[in-house]
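Asks: Input structure: structure.pdb, which contains PDB, C-alpha atoms.
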```pdb
ATOM      1  CA  MET A1147     -31.267  11.377  20.091
ATOM      2  CA  ASP A1148     -31.796  10.478  23.727
ATOM      3  CA  GLY A1149     -33.563   7.246  22.850
ATOM      4  CA  LEU A1150     -30.598   6.186  20.713
ATOM      5  CA  PHE A1151     -28.275   6.607  23.698
ATOM      6  CA  TYR A1152     -30.490   4.831  26.216
ATOM      7  CA  ILE A1153     -31.330   1.840  24.010
ATOM      8  CA  ALA A1154     -27.704   1.437  22.906
ATOM      9  CA  SER A1155     -26.396   1.646  26.477
ATOM     10  CA  ALA A1156     -28.943  -0.945  27.644
ATOM     11  CA  ILE A1157     -27.795  -3.277  24.848
ATOM     12  CA  ALA A1158     -24.153  -2.622  25.767
ATOM     13  CA  LEU A1159     -24.785  -3.512  29.414
ATOM     14  CA  VAL A1160     -26.773  -6.682  28.657
ATOM     15  CA  SER A1161     -24.377  -7.993  26.025
ATOM     16  CA  THR A1162     -21.265  -7.200  28.095
ATOM     17  CA  PHE A1163     -22.769  -9.015  31.060
ATOM     18  CA  ARG A1164     -23.578 -12.040  28.913
ATOM     19  CA  ALA A1165     -20.082 -11.952  27.368
ATOM     20  CA  VAL A1166     -18.289 -11.871  30.723
ATOM     21  CA  THR A1167     -20.478 -14.520  32.366
ATOM     22  CA  GLY A1168     -20.827 -16.923  29.425
ATOM     23  CA  SER A1169     -19.333 -20.408  29.375
ATOM     24  CA  ASN A1170     -18.895 -20.901  25.627
ATOM     25  CA  ALA A1171     -16.038 -18.795  24.201
ATOM     26  CA  VAL A1172     -17.523 -18.361  20.711
ATOM     27  CA  HIS A1173     -20.892 -17.468  22.225
ATOM     28  CA  SER A1174     -19.266 -14.850  24.468
ATOM     29  CA  LEU A1175     -17.322 -13.413  21.532
ATOM     30  CA  LEU A1176     -20.588 -12.876  19.651
ATOM     31  CA  TYR A1177     -22.004 -10.999  22.643
ATOM     32  CA  LEU A1178     -18.800  -8.978  22.979
ATOM     33  CA  THR A1179     -19.004  -7.977  19.314
ATOM     34  CA  VAL A1180     -22.568  -6.765  19.881
ATOM     35  CA  SER A1181     -21.338  -4.895  22.964
ATOM     36  CA  PHE A1182     -18.717  -3.049  20.915
ATOM     37  CA  LEU A1183     -21.277  -2.234  18.219
ATOM     38  CA  ALA A1184     -23.572  -0.852  20.918
ATOM     39  CA  SER A1185     -20.642   1.204  22.243
ATOM     40  CA  ALA A1186     -20.212   2.557  18.716
ATOM     41  CA  ALA A1187     -23.879   3.630  18.759
ATOM     42  CA  VAL A1188     -23.324   5.296  22.156
ATOM     43  CA  PHE A1189     -20.318   7.192  20.764
ATOM     44  CA  TYR A1190     -22.395   8.290  17.787
ATOM     45  CA  SER A1191     -25.144   9.573  20.067
ATOM     46  CA  LEU A1192     -22.474  11.513  21.998
ATOM     47  CA  GLY A1193     -21.417  13.256  18.800
ATOM     48  CA  ALA A1194     -18.186  11.307  18.218
ATOM     49  CA  HIS A1195     -18.924  10.084  14.675
ATOM     50  CA  TYR A1196     -15.337   9.292  13.770
ATOM     51  CA  ILE A1197     -14.794   7.264  16.937
ATOM     52  CA  ALA A1198     -18.030   5.374  16.312
ATOM     53  CA  ALA A1199     -16.702   4.289  12.921
ATOM     54  CA  LEU A1200     -13.303   3.348  14.408
ATOM     55  CA  GLU A1201     -15.004   1.342  17.166
ATOM     56  CA  ALA A1202     -17.051  -0.650  14.650
ATOM     57  CA  ILE A1203     -14.092  -1.224  12.303
ATOM     58  CA  ILE A1204     -11.231  -1.920  14.723
ATOM     59  CA  TYR A1205     -12.840  -3.238  17.920
ATOM     60  CA  ALA A1206     -15.866  -5.090  16.528
ATOM     61  CA  GLY A1207     -14.019  -5.990  13.337
ATOM     62  CA  ALA A1208     -10.288  -6.549  13.636
ATOM     63  CA  ILE A1209      -9.811  -7.326  17.333
ATOM     64  CA  MET A1210     -12.803  -9.674  17.507
ATOM     65  CA  VAL A1211     -11.545 -11.553  14.437
ATOM     66  CA  LEU A1212      -8.181 -12.003  16.215
ATOM     67  CA  PHE A1213      -9.993 -13.403  19.248
ATOM     68  CA  LEU A1214     -12.109 -15.731  17.133
ATOM     69  CA  PHE A1215      -8.994 -16.914  15.323
ATOM     70  CA  VAL A1216      -7.275 -17.934  18.553
ATOM     71  CA  VAL A1217     -10.409 -19.516  20.030
ATOM     72  CA  MET A1218     -10.886 -21.592  16.879
ATOM     73  CA  MET A1219      -7.203 -22.578  16.762
ATOM     74  CA  ALA A1220      -7.090 -23.447  20.463
ATOM     75  CA  SER A1221     -10.111 -25.726  20.330
ATOM     76  CA  TYR A1222      -9.516 -27.805  17.219
ATOM     77  CA  GLY A1223      -8.957 -31.535  17.395
ATOM     78  CA  PRO A1224     -11.101 -34.660  17.610
ATOM     79  CA  GLY A1225     -14.783 -34.058  18.245
ATOM     80  CA  ARG A1226     -14.531 -30.703  16.518
ATOM     81  CA  GLU A1227     -17.393 -31.413  14.116
ATOM     82  CA  THR A1228     -19.968 -32.083  16.811
ATOM     83  CA  GLU A1229     -18.673 -28.984  18.597
ATOM     84  CA  GLU A1230     -19.080 -27.045  15.355
ATOM     85  CA  LYS A1231     -22.666 -28.270  15.003
ATOM     86  CA  ARG A1232     -23.399 -27.332  18.591
ATOM     87  CA  VAL A1233     -22.001 -23.820  18.133
ATOM     88  CA  THR A1234     -23.909 -23.107  14.916
ATOM     89  CA  ARG A1235     -27.313 -24.029  16.439
ATOM     90  CA  PRO A1236     -29.798 -21.124  16.474
ATOM     91  CA  GLY A1237     -29.748 -21.115  20.284
ATOM     92  CA  THR A1238     -26.151 -19.922  20.189
ATOM     93  CA  TRP A1239     -26.533 -16.920  17.948
ATOM     94  CA  ALA A1240     -30.201 -16.017  18.511
ATOM     95  CA  GLY A1241     -29.490 -13.742  21.511
ATOM     96  CA  PRO A1242     -26.651 -11.736  19.918
ATOM     97  CA  ALA A1243     -28.595 -11.590  16.651
ATOM     98  CA  ALA A1244     -31.666 -10.134  18.383
ATOM     99  CA  LEU A1245     -29.573  -7.458  20.123
ATOM    100  CA  ALA A1246     -27.760  -6.673  16.863
ATOM    101  CA  ALA A1247     -31.144  -6.387  15.110
ATOM    102  CA  ILE A1248     -32.205  -3.688  17.591
ATOM    103  CA  LEU A1249     -28.967  -1.839  16.815
ATOM    104  CA  LEU A1250     -29.696  -2.218  13.099
ATOM    105  CA  PHE A1251     -33.127  -0.645  13.598
ATOM    106  CA  GLU A1252     -31.457   2.246  15.412
ATOM    107  CA  LEU A1253     -29.036   2.648  12.505
ATOM    108  CA  VAL A1254     -31.892   2.706   9.976
ATOM    109  CA  PHE A1255     -33.789   5.264  12.069
ATOM    110  CA  VAL A1256     -30.744   7.504  12.253
ATOM    111  CA  LEU A1257     -30.174   7.192   8.502
ATOM    112  CA  THR A1258     -33.790   8.022   7.611
ATOM    113  CA  ASP A1259     -34.533  10.704  10.219
ATOM    114  CA  ARG A1260     -32.062  13.573   9.960
ATOM    115  CA  GLY A1261     -33.433  15.025  13.172
ATOM    116  CA  LEU A1262     -31.631  12.280  15.060
ATOM    117  CA  VAL A1263     -28.172  13.439  13.952
ATOM    118  CA  PRO A1264     -26.355  15.100  16.882
ATOM    119  CA  GLU A1265     -26.631  18.859  16.806
ATOM    120  CA  GLU A1266     -23.844  20.799  15.159
ATOM    121  CA  GLY A1267     -22.765  22.471  18.363
ATOM    122  CA  ARG A1268     -21.955  19.282  20.235
ATOM    123  CA  ALA A1269     -20.867  17.013  17.402
ATOM    124  CA  LEU A1270     -17.132  16.893  16.715
ATOM    125  CA  GLY A1271     -16.376  15.392  13.339
ATOM    126  CA  PRO A1272     -13.194  13.795  11.991
ATOM    127  CA  LYS A1273     -11.851  17.188  10.934
ATOM    128  CA  ALA A1274     -11.527  18.526  14.488
ATOM    129  CA  VAL A1275     -10.051  15.222  15.695
ATOM    130  CA  GLY A1276      -7.537  15.143  12.843
ATOM    131  CA  ILE A1277      -6.433  18.721  13.457
ATOM    132  CA  ALA A1278      -5.895  17.908  17.160
ATOM    133  CA  LEU A1279      -4.146  14.588  16.385
ATOM    134  CA  PHE A1280      -1.624  16.045  13.954
ATOM    135  CA  GLY A1281      -1.229  19.316  15.798
ATOM    136  CA  PRO A1282      -0.550  19.258  19.549
ATOM    137  CA  TYR A1283      -0.685  15.429  19.758
ATOM    138  CA  LEU A1284       1.803  14.649  16.977
ATOM    139  CA  ILE A1285       4.302  13.064  19.381
ATOM    140  CA  GLY A1286       1.534  10.788  20.650
ATOM    141  CA  VAL A1287       0.769   9.653  17.091
ATOM    142  CA  GLU A1288       4.456   8.844  16.525
ATOM    143  CA  LEU A1289       4.630   6.935  19.786
ATOM    144  CA  ALA A1290       1.446   5.003  18.920
ATOM    145  CA  SER A1291       2.990   4.000  15.573
ATOM    146  CA  VAL A1292       6.139   2.781  17.344
ATOM    147  CA  LEU A1293       3.929   0.867  19.813
ATOM    148  CA  LEU A1294       2.062  -0.834  16.968
ATOM    149  CA  LEU A1295       5.370  -1.767  15.309
ATOM    150  CA  VAL A1296       6.661  -3.238  18.571
ATOM    151  CA  GLY A1297       3.378  -5.120  18.999
ATOM    152  CA  LEU A1298       3.727  -6.547  15.487
ATOM    153  CA  LEU A1299       7.337  -7.650  16.077
ATOM    154  CA  GLY A1300       6.500  -9.034  19.524
ATOM    155  CA  ALA A1301       3.542 -11.058  18.272
ATOM    156  CA  TYR A1302       5.668 -12.424  15.416
ATOM    157  CA  HIS A1303       8.546 -13.332  17.719
ATOM    158  CA  ILE A1304       6.350 -15.001  20.339
ATOM    159  CA  GLY A1305       4.119 -16.755  17.836
ATOM    160  CA  ARG A1306       6.758 -18.399  15.651
ATOM    161  CA  LYS A1307       7.731 -22.017  16.218
TER     162      LYS A1307
ATOM    163  CA  MET B   6     -34.325  18.956  21.958
ATOM    164  CA  ALA B   7     -32.939  17.576  25.194
ATOM    165  CA  THR B   8     -29.498  16.038  25.107
ATOM    166  CA  VAL B   9     -28.036  13.174  27.068
ATOM    167  CA  PRO B  10     -26.296  14.305  30.281
ATOM    168  CA  ALA B  11     -22.588  13.518  30.219
ATOM    169  CA  GLU B  12     -22.990  11.987  33.693
ATOM    170  CA  TYR B  13     -25.086   9.165  32.228
ATOM    171  CA  ALA B  14     -22.351   8.330  29.739
ATOM    172  CA  LEU B  15     -19.790   8.400  32.559
ATOM    173  CA  GLY B  16     -22.031   6.112  34.621
ATOM    174  CA  LEU B  17     -22.358   3.693  31.711
ATOM    175  CA  ALA B  18     -18.557   3.686  31.345
ATOM    176  CA  ALA B  19     -18.193   3.011  35.085
ATOM    177  CA  VAL B  20     -20.605   0.072  35.011
ATOM    178  CA  LEU B  21     -18.920  -1.415  31.935
ATOM    179  CA  PHE B  22     -15.532  -1.002  33.615
ATOM    180  CA  ALA B  23     -16.825  -2.745  36.747
ATOM    181  CA  LEU B  24     -18.153  -5.619  34.627
ATOM    182  CA  GLY B  25     -14.751  -5.993  32.973
ATOM    183  CA  LEU B  26     -12.929  -5.814  36.308
ATOM    184  CA  THR B  27     -15.212  -8.490  37.751
ATOM    185  CA  GLY B  28     -14.474 -10.661  34.737
ATOM    186  CA  VAL B  29     -10.707 -10.275  35.196
ATOM    187  CA  LEU B  30     -10.961 -11.177  38.880
ATOM    188  CA  VAL B  31     -13.454 -14.034  38.588
ATOM    189  CA  ARG B  32     -12.790 -15.834  35.303
ATOM    190  CA  ARG B  33     -10.015 -18.436  35.104
ATOM    191  CA  ASN B  34     -10.001 -18.903  31.322
ATOM    192  CA  MET B  35      -7.272 -16.774  29.685
ATOM    193  CA  VAL B  36      -9.425 -15.827  26.693
ATOM    194  CA  TYR B  37     -12.128 -14.530  29.036
ATOM    195  CA  VAL B  38      -9.588 -12.580  31.079
ATOM    196  CA  LEU B  39      -8.333 -10.929  27.892
ATOM    197  CA  MET B  40     -11.904 -10.197  26.765
ATOM    198  CA  SER B  41     -12.592  -8.550  30.122
ATOM    199  CA  ILE B  42      -9.466  -6.419  29.734
ATOM    200  CA  GLU B  43     -10.780  -5.299  26.338
ATOM    201  CA  VAL B  44     -14.092  -4.368  27.968
ATOM    202  CA  MET B  45     -12.214  -2.316  30.570
ATOM    203  CA  LEU B  46     -10.138  -0.516  27.915
ATOM    204  CA  ASN B  47     -13.284   0.246  25.955
ATOM    205  CA  ALA B  48     -14.977   1.594  29.098
ATOM    206  CA  ALA B  49     -11.979   3.833  29.827
ATOM    207  CA  GLY B  50     -12.199   5.159  26.283
ATOM    208  CA  MET B  51     -15.904   5.766  26.755
ATOM    209  CA  ALA B  52     -15.113   7.893  29.820
ATOM    210  CA  PHE B  53     -12.767   9.987  27.655
ATOM    211  CA  ILE B  54     -15.478  10.362  25.002
ATOM    212  CA  ALA B  55     -17.983  11.435  27.674
ATOM    213  CA  ALA B  56     -15.537  14.054  28.952
ATOM    214  CA  GLY B  57     -14.889  15.316  25.421
ATOM    215  CA  TYR B  58     -18.660  15.485  24.888
ATOM    216  CA  ARG B  59     -19.139  17.437  28.115
ATOM    217  CA  TRP B  60     -16.673  20.180  27.142
ATOM    218  CA  ALA B  61     -17.166  19.858  23.355
ATOM    219  CA  GLU B  62     -13.417  19.391  22.780
ATOM    220  CA  PRO B  63     -11.767  16.877  20.410
ATOM    221  CA  ASP B  64      -9.152  15.834  23.013
ATOM    222  CA  GLY B  65     -11.353  13.027  24.354
ATOM    223  CA  GLN B  66     -11.596  11.479  20.902
ATOM    224  CA  VAL B  67      -7.822  11.856  20.444
ATOM    225  CA  MET B  68      -7.291   9.908  23.656
ATOM    226  CA  PHE B  69      -9.665   7.213  22.390
ATOM    227  CA  VAL B  70      -7.569   6.828  19.247
ATOM    228  CA  PHE B  71      -4.506   6.257  21.450
ATOM    229  CA  ILE B  72      -6.405   3.737  23.602
ATOM    230  CA  LEU B  73      -7.494   1.982  20.425
ATOM    231  CA  SER B  74      -3.914   1.566  19.169
ATOM    232  CA  LEU B  75      -2.850   0.451  22.658
ATOM    233  CA  ALA B  76      -5.610  -2.179  22.711
ATOM    234  CA  ALA B  77      -4.671  -3.445  19.240
ATOM    235  CA  ALA B  78      -0.984  -3.844  20.154
ATOM    236  CA  GLU B  79      -1.815  -5.396  23.520
ATOM    237  CA  VAL B  80      -4.302  -7.911  22.179
ATOM    238  CA  SER B  81      -1.991  -9.122  19.400
ATOM    239  CA  VAL B  82       0.882  -9.825  21.824
ATOM    240  CA  ALA B  83      -1.415 -11.306  24.479
ATOM    241  CA  LEU B  84      -3.111 -13.640  22.014
ATOM    242  CA  ALA B  85       0.286 -14.826  20.763
ATOM    243  CA  VAL B  86       1.274 -15.565  24.382
ATOM    244  CA  ILE B  87      -2.020 -17.412  24.993
ATOM    245  CA  PHE B  88      -1.509 -19.430  21.826
ATOM    246  CA  ARG B  89       2.009 -20.468  22.884
ATOM    247  CA  PHE B  90       0.785 -21.268  26.384
ATOM    248  CA  PHE B  91      -1.990 -23.464  25.031
ATOM    249  CA  HIS B  92       0.406 -25.380  22.819
ATOM    250  CA  ARG B  93       2.816 -25.924  25.711
ATOM    251  CA  THR B  94       0.347 -26.933  28.427
ATOM    252  CA  GLY B  95      -2.838 -27.897  26.566
ATOM    253  CA  THR B  96      -4.968 -25.711  28.814
ATOM    254  CA  LEU B  97      -6.087 -22.096  29.067
ATOM    255  CA  ASP B  98      -6.322 -22.022  32.861
ATOM    256  CA  VAL B  99      -4.706 -18.923  34.353
ATOM    257  CA  ASP B 100      -3.834 -20.787  37.555
ATOM    258  CA  LYS B 101      -1.674 -23.225  35.561
ATOM    259  CA  ALA B 102       0.519 -20.310  34.461
ATOM    260  CA  SER B 103       2.114 -19.996  37.903
ATOM    261  CA  SER B 104       5.581 -21.097  36.798
ATOM    262  CA  LEU B 105       7.643 -19.318  34.164
ATOM    263  CA  LYS B 106      10.928 -20.443  32.613
ATOM    264  CA  GLY B 107      12.964 -18.629  29.991
TER     265      GLY B 107
END
```
Here is the file; what I need is its structure written in the form of structure tokens.
Replies:
Amino acid sequence: MDGLFYIASAIALVSTFRAVTGSNAVHSLLYLTVSFLASAAVFYSLGAHYIAALEAIIYAGAIMVLFLFVVMMASYGPGRETEEKRVTRPGTWAGPAALAAILLFELVFVLTDRGLVPEEGRALGPKAVGIALFGPYLIGVELASVLLLVGLLGAYHIGRK
Amino acid sequence: MATVPAEYALGLAAVLFALGLTGVLVRRNMVYVLMSIEVMLNAAGMAFIAAGYRWAEPDGQVMFVFILSLAAAEVSVALAVIFRFFHRTGTLDVDKASSLKG
């Protein structure tokens, strides 16, 4: 259990550093995705299973796709094909792929060795989170839904021609 | 079996937050600034998770769900603004965004 945390946090630090200091936007986005996946592994090792799943789905999935969408749209034009070839060279994705492979090994280890699952006492599953969310924090859930609606309308209004 | 001290998780969150803050202050490309803000939001959420882990309460995870929805709403609006800005000026330089007009 400890090893999972330490390896994942090392990957998170390295990939975040590479993402923030990189010069190629697509390259940095790959590192940032790996960083969020490593954060998901950290959350899992801290017993927050539900949050680990949310981190992988929403941060590493949805938000990164939004970023990639804008980066691709903002950099199209003449010379795009050579740029495309340059980005898809192994040198671009080899680093993030290696870090993601380490995370994959961690995932396989956790899936095969049940001893690595966080102990019952410290792990808080989706049930406890859901009871808290729709009990004392119900107003917060309503406000978050209004915030998401406003974000949707705002993005539509700003983004239209 | 030994468990991870919550202080280590808090330290990791602090270092990630510092990395994101450095990115916001140093980088001049808008996409990188926004990425750094995402890193900072994620680090703040990690601090909440560490606190929830320390006291074995679900409140930390609840706060992370709120941070997650905040980040999703923020990034959609910010990316729309960046997209408009790029179409208007042809650049993503933050320093070029020094004049605003309605």
Asks: One decimal, Å: what's the distance from atom CA of B:Thr96 over to atom CA of B:Val38, could you say?
Replies: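 Going from atom CA of B:Thr96 over to atom CA of B:Val38, I get 14.1 Å.
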Asks: Show me, as a ChimeraX atom specification, every residue of chain B with an atom at most 6 Å from chain A, counting all atoms listed in the file.
Replies: /B:9,28,61,63,78,81-82,85
Asks: Would you kindly return, as a PyMOL selection string, each protein, DNA or RNA residue with an atom no farther than 9 Å from any atom of B:Val70, considering all atoms listed in the file and excluding same-chain residues fewer than 2 positions away?
Replies: (chain A and resi 1197+1200+1279) or (chain B and resi 50+65-68+72-75)
Asks: So the first atom is atom CA of A:Pro1242 and the second is atom CA of A:Val1172; what is the distance between them in Å, to one decimal place?
Replies: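 Straight-line distance from atom CA of A:Pro1242 to atom CA of A:Val1172 works out to 11.3 Å.
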Asks: Stretch 1267-1286 of chain A, all listed atoms, 3 Å padding on each side: what axis-aligned box centre and edge lengths in Å to one decimal come out, as AutoDock Vina command-line options?
Replies:
```
--center_x -9.2 --center_y 16.6 --center_z 15.8 --size_x 33.1 --size_y 17.7 --size_z 15.7
```
Asks: Would you mind telling me which residue in B:Met35, B:Ala18, B:Tyr13, B:Ala23 lies nearest to B:Ala83 when using all atoms listed in the file?
Replies: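 For B:Ala83, the nearest of the given residues is B:Met35.
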Asks: So what do you get for atom CA of A:Leu1176 versus atom CA of A:Thr1258, distance-wise?
Replies: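 It comes out at 27.5 Å.
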Asks: As a PyMOL selection string, please: the residues near B:Glu43 (cut-off 9 Å, all atoms listed in the file, same-chain neighbours under 2 positions excluded).
Replies: (chain A and resi 1205) or (chain B and resi 25+38-41+45-48+76+80)
